[in-house]
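Peer 1: Take a look at upload34.pdb, PDB, C-alpha atoms:
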```
ATOM      1  CA  GLY A  21      -0.087   2.868  12.724
ATOM      2  CA  THR A  22       1.296  -0.629  13.039
ATOM      3  CA  VAL A  23       2.403  -2.890  10.201
ATOM      4  CA  VAL A  24       0.125  -5.931  10.488
ATOM      5  CA  ALA A  25       1.037  -7.745   7.263
ATOM      6  CA  ASN A  26       3.584  -7.851   4.490
ATOM      7  CA  THR A  27       2.668 -10.444   1.920
ATOM      8  CA  THR A  28       2.637 -11.210  -1.767
ATOM      9  CA  ALA A  29      -0.908 -11.140  -3.119
ATOM     10  CA  GLY A  30      -1.088 -12.047  -6.823
ATOM     11  CA  ASN A  31      -2.558  -9.100  -8.660
ATOM     12  CA  PHE A  32      -1.337  -6.690  -5.993
ATOM     13  CA  GLY A  33       2.250  -7.938  -5.782
ATOM     14  CA  VAL A  34       4.169  -7.226  -2.592
ATOM     15  CA  VAL A  35       1.703  -5.697  -0.121
ATOM     16  CA  VAL A  36       2.125  -3.863   3.202
ATOM     17  CA  THR A  37      -0.938  -3.451   5.425
ATOM     18  CA  ILE A  38      -0.989  -0.858   8.212
ATOM     19  CA  LYS A  39      -3.613  -0.709  10.964
ATOM     20  CA  HIS A  40      -4.249   2.737  12.423
ATOM     21  CA  ILE A  41      -5.716   3.490  15.852
ATOM     22  CA  ASN A  42      -8.661   5.422  14.381
ATOM     23  CA  GLY A  43     -10.292   2.390  12.746
ATOM     24  CA  PHE A  44      -8.536   2.835   9.417
ATOM     25  CA  VAL A  45      -6.425   0.277   7.576
ATOM     26  CA  THR A  46      -4.222   1.241   4.627
ATOM     27  CA  VAL A  47      -2.992  -1.276   2.074
ATOM     28  CA  TYR A  48      -0.068  -0.542  -0.266
ATOM     29  CA  GLY A  49       0.694  -2.877  -3.172
ATOM     30  CA  ASN A  50       3.070  -3.348  -6.110
ATOM     31  CA  LEU A  51       5.966  -2.569  -3.788
ATOM     32  CA  ASP A  52       9.533  -3.704  -4.326
ATOM     33  CA  LYS A  53      10.529  -6.825  -2.375
ATOM     34  CA  LYS A  54      13.036  -4.791  -0.335
ATOM     35  CA  LEU A  55      10.707  -3.223   2.231
ATOM     36  CA  ASN A  56      11.691  -0.654   4.844
ATOM     37  CA  VAL A  57       9.268  -2.125   7.428
ATOM     38  CA  LYS A  58       8.375  -5.475   8.961
ATOM     39  CA  ILE A  59       5.346  -6.832  10.800
ATOM     40  CA  GLY A  60       4.997  -5.177  14.204
ATOM     41  CA  ASP A  61       6.819  -1.961  13.252
ATOM     42  CA  LYS A  62       5.197   1.303  14.303
ATOM     43  CA  VAL A  63       5.049   3.779  11.430
ATOM     44  CA  THR A  64       4.289   7.489  11.276
ATOM     45  CA  ARG A  65       2.832   9.776   8.634
ATOM     46  CA  GLY A  66       5.349  10.389   5.863
ATOM     47  CA  GLN A  67       7.591   7.469   6.814
ATOM     48  CA  LYS A  68       8.977   5.515   3.857
ATOM     49  CA  ILE A  69       7.678   1.941   3.986
ATOM     50  CA  GLY A  70       9.150   0.895   0.630
ATOM     51  CA  VAL A  71       9.386   1.865  -3.028
ATOM     52  CA  ILE A  72       7.240   1.062  -6.037
ATOM     53  CA  GLY A  73       8.263  -2.214  -7.622
ATOM     54  CA  GLN A  74       7.222  -4.459 -10.479
ATOM     55  CA  THR A  75       5.621  -7.201  -8.400
ATOM     56  CA  SER A  76       1.958  -6.933  -9.453
ATOM     57  CA  ASN A  77       0.508  -9.356 -11.998
ATOM     58  CA  HIS A  78      -0.769  -6.252 -13.811
ATOM     59  CA  TYR A  79       2.794  -5.085 -14.463
ATOM     60  CA  PRO A  80       3.605  -4.144 -17.286
ATOM     61  CA  LYS A  81       0.605  -5.354 -19.295
ATOM     62  CA  LYS A  82      -0.703  -1.840 -19.761
ATOM     63  CA  GLU A  83       1.671   0.630 -21.356
ATOM     64  CA  ALA A  84       0.310   3.401 -19.126
ATOM     65  CA  LEU A  85       1.609   1.471 -16.108
ATOM     66  CA  ALA A  86       5.107   0.903 -17.509
ATOM     67  CA  ASN A  87       6.643   3.597 -15.284
ATOM     68  CA  GLY A  88       5.303   1.962 -12.146
ATOM     69  CA  PHE A  89       2.224   2.379 -10.012
ATOM     70  CA  LEU A  90       1.149   2.095  -6.406
ATOM     71  CA  TYR A  91      -1.886   0.081  -5.429
ATOM     72  CA  LEU A  92      -3.533   1.903  -2.521
ATOM     73  CA  GLN A  93      -6.604   0.916  -0.577
ATOM     74  CA  VAL A  94      -8.066   2.683   2.443
ATOM     75  CA  LEU A  95     -10.580   0.897   4.669
ATOM     76  CA  LYS A  96     -12.644   2.471   7.458
ATOM     77  CA  GLU A  97     -13.990  -0.132   9.882
ATOM     78  CA  GLY A  98     -13.344  -2.759   7.174
ATOM     79  CA  VAL A  99     -15.222  -0.905   4.412
ATOM     80  CA  PRO A 100     -13.312   0.468   1.378
ATOM     81  CA  VAL A 101     -13.435   4.273   1.117
ATOM     82  CA  ASN A 102     -12.102   6.723  -1.461
ATOM     83  CA  PRO A 103      -8.381   7.318  -0.692
ATOM     84  CA  ALA A 104      -8.535  10.795  -2.301
ATOM     85  CA  THR A 105     -10.606  11.926   0.681
ATOM     86  CA  TYR A 106      -7.614  11.395   2.965
ATOM     87  CA  ILE A 107      -4.585  12.214   0.823
ATOM     88  CA  LYS A 108      -3.151  15.682   0.299
ATOM     89  CA  TYR A 109      -1.418  16.113  -3.062
TER      90      TYR A 109
END
```
What do you get writing this file as C-alpha coordinates?
Peer 2:
Amino acid sequence: GTVVANTTAGNFGVVVTIKHINGFVTVYGNLDKKLNVKIGDKVTRGQKIGVIGQTSNHYPKKEALANGFLYLQVLKEGVPVNPATYIKY
(Lines of atoms letter the chains of each structure in order from A and count residues from 1; the text may use other names and numbers.)
(Lines give C-alpha, C1' and ligand atoms only; values in the text may rest on other atoms or scores of the structure.)
Protein backbone atom coordinates (compact mmCIF):
# COMPACT_ATOMS: atom_id res chain seq x y z
CA GLY A 1 0.00 0.00 0.00
CA THR A 2 0.86 3.68 0.03
CA VAL A 3 0.92 5.96 3.06
CA VAL A 4 -1.68 8.63 2.27
CA ALA A 5 -1.82 10.43 5.62
CA ASN A 6 -0.01 10.81 8.91
CA THR A 7 -1.88 13.12 11.21
CA THR A 8 -2.87 13.73 14.80
CA ALA A 9 -6.58 13.07 15.29
CA GLY A 10 -7.73 13.79 18.86
CA ASN A 11 -9.10 10.58 20.29
CA PHE A 12 -6.95 8.49 17.97
CA GLY A 13 -3.65 10.27 18.60
CA VAL A 14 -0.97 9.99 15.93
CA VAL A 15 -2.54 8.21 12.95
CA VAL A 16 -1.09 6.59 9.81
CA THR A 17 -3.46 5.82 6.94
CA ILE A 18 -2.47 3.36 4.20
CA LYS A 19 -4.35 2.93 0.91
CA HIS A 20 -4.09 -0.51 -0.67
CA ILE A 21 -4.60 -1.34 -4.35
CA ASN A 22 -7.47 -3.75 -3.61
CA GLY A 23 -9.88 -1.06 -2.38
CA PHE A 24 -8.88 -1.37 1.27
CA VAL A 25 -7.67 1.40 3.56
CA THR A 26 -6.07 0.66 6.93
CA VAL A 27 -5.86 3.22 9.71
CA TYR A 28 -3.47 2.84 12.66
CA GLY A 29 -3.76 5.15 15.67
CA ASN A 30 -2.22 5.85 19.08
CA LEU A 31 1.22 5.61 17.49
CA ASP A 32 4.34 7.25 18.84
CA LYS A 33 5.26 10.56 17.19
CA LYS A 34 8.45 9.01 15.77
CA LEU A 35 7.04 7.22 12.73
CA ASN A 36 8.98 4.93 10.40
CA VAL A 37 7.01 6.13 7.34
CA LYS A 38 5.98 9.36 5.65
CA ILE A 39 3.27 10.32 3.17
CA GLY A 40 3.97 8.77 -0.23
CA ASP A 41 6.01 5.83 1.10
CA LYS A 42 5.19 2.41 -0.31
CA VAL A 43 4.78 -0.18 2.44
CA THR A 44 4.60 -3.96 2.40
CA ARG A 45 2.95 -6.55 4.62
CA GLY A 46 4.84 -6.89 7.89
CA GLN A 47 6.75 -3.63 7.50
CA LYS A 48 7.11 -1.61 10.71
CA ILE A 49 5.33 1.73 10.30
CA GLY A 50 5.82 2.85 13.91
CA VAL A 51 5.37 1.78 17.52
CA ILE A 52 2.49 2.12 19.95
CA GLY A 53 2.61 5.45 21.75
CA GLN A 54 0.61 7.40 24.30
CA THR A 55 -0.89 9.95 21.92
CA SER A 56 -4.61 9.09 22.10
CA ASN A 57 -6.96 11.16 24.25
CA HIS A 58 -8.11 7.83 25.70
CA TYR A 59 -4.65 7.19 27.16
CA PRO A 60 -4.37 6.26 30.08
CA LYS A 61 -7.90 6.92 31.35
CA LYS A 62 -8.71 3.24 31.49
CA GLU A 63 -6.41 1.09 33.58
CA ALA A 64 -6.78 -1.76 31.08
CA LEU A 65 -5.14 0.46 28.45
CA ALA A 66 -2.19 1.49 30.62
CA ASN A 67 0.21 -0.84 28.80
CA GLY A 68 -0.62 0.70 25.45
CA PHE A 69 -3.03 -0.09 22.66
CA LEU A 70 -3.28 0.17 18.90
CA TYR A 71 -6.29 1.74 17.26
CA LEU A 72 -6.93 -0.19 14.04
CA GLN A 73 -9.59 0.41 11.45
CA VAL A 74 -10.04 -1.44 8.16
CA LEU A 75 -12.23 0.04 5.42
CA LYS A 76 -13.33 -1.71 2.23
CA GLU A 77 -14.48 0.75 -0.43
CA GLY A 78 -14.88 3.34 2.36
CA VAL A 79 -17.03 1.11 4.61
CA PRO A 80 -15.67 -0.08 8.00
CA VAL A 81 -15.25 -3.87 8.20
CA ASN A 82 -14.17 -6.19 11.01
CA PRO A 83 -10.33 -6.19 11.12
CA ALA A 84 -10.30 -9.71 12.63
CA THR A 85 -11.44 -11.02 9.24
CA TYR A 86 -8.13 -9.95 7.72
CA ILE A 87 -5.57 -10.39 10.49
CA LYS A 88 -3.77 -13.62 11.32
CA TYR A 89 -2.80 -13.92 14.99
Peer 1: Which of these, A:Ile38, A:Leu95, A:Ile72, A:Leu90, has the shortest distance to Lys53 in chain A once you count all atoms listed in the file?
Peer 2: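 The answer is A:Ile72, which sits nearest to Lys53 in chain A.
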Peer 1: Considering all atoms listed in the file, state which residue in the set A:Val24, A:Ala29, A:Leu92, A:Val63 is at the smallest distance from Tyr48 in chain A.
Peer 2: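 Nearest candidate to Tyr48 in chain A out of A:Val24, A:Ala29, A:Leu92, A:Val63: A:Leu92.
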Peer 1: Given the file shown, enumerate the residues that the PyMOL selection byres ((chain A and resi 57) around 8) captures and present them as number ranges by chain.
Peer 2: A: 23, 55-56, 58-59, 61, 69-70
Peer 1: How far is it from CA of Tyr106 in chain A to CA of Gly73 in chain A, in Å with one decimal?
Peer 2: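 Taking CA of Tyr106 in chain A and CA of Gly73 in chain A, their separation equals 23.4 Å.
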Peer 1: How would you write, as a list in words, the residues chosen by the PyMOL selection byres ((chain A and resi 47) around 10) on this structure?
Peer 2: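 Those residues are Val23, Ala25, Asn26, Phe32, Val35, Val36, Thr37, Ile38, Lys39, Val45, Thr46, Tyr48, Gly49, Tyr91, Leu92, Gln93, Val94 and Leu95 of chain A.
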Peer 1: One number please: CA of Pro103 in chain A to CA of Phe44 in chain A, in Å, one decimal.
Peer 2: 11.1 Å
Peer 1: So how many Å separate CA of Val101 in chain A and CA of Asn42 in chain A, to one decimal?
Peer 2: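 Distance reported for this atom pair: 14.1 Å.
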Peer 1: Can you work out which one of A:Thr28, A:Asn102, A:Thr22, A:Ser76 has the shortest atom-to-atom distance to Gly88 in chain A, counting only C-alpha atoms?
Peer 2: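 Ranked by minimum distance to Gly88 in chain A, first place goes to A:Ser76.
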Peer 1: Looking at A:Val71, A:His78, A:Phe89, A:Gly98, which one is nearest to His40 in chain A, with distances taken over all atoms listed in the file?
Peer 2: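 With all atoms listed in the file as the atom set, the closest residue is A:Gly98.
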Peer 1: For Gln74 in chain A, work out the shell of residues within 9 Å, counting only C-alpha atoms and skipping chain neighbours fewer than 4 positions away, then give it as JSON, numbers by chain.
Peer 2: {"A": [33, 34, 50, 51, 52, 78, 79, 80, 88, 89]}
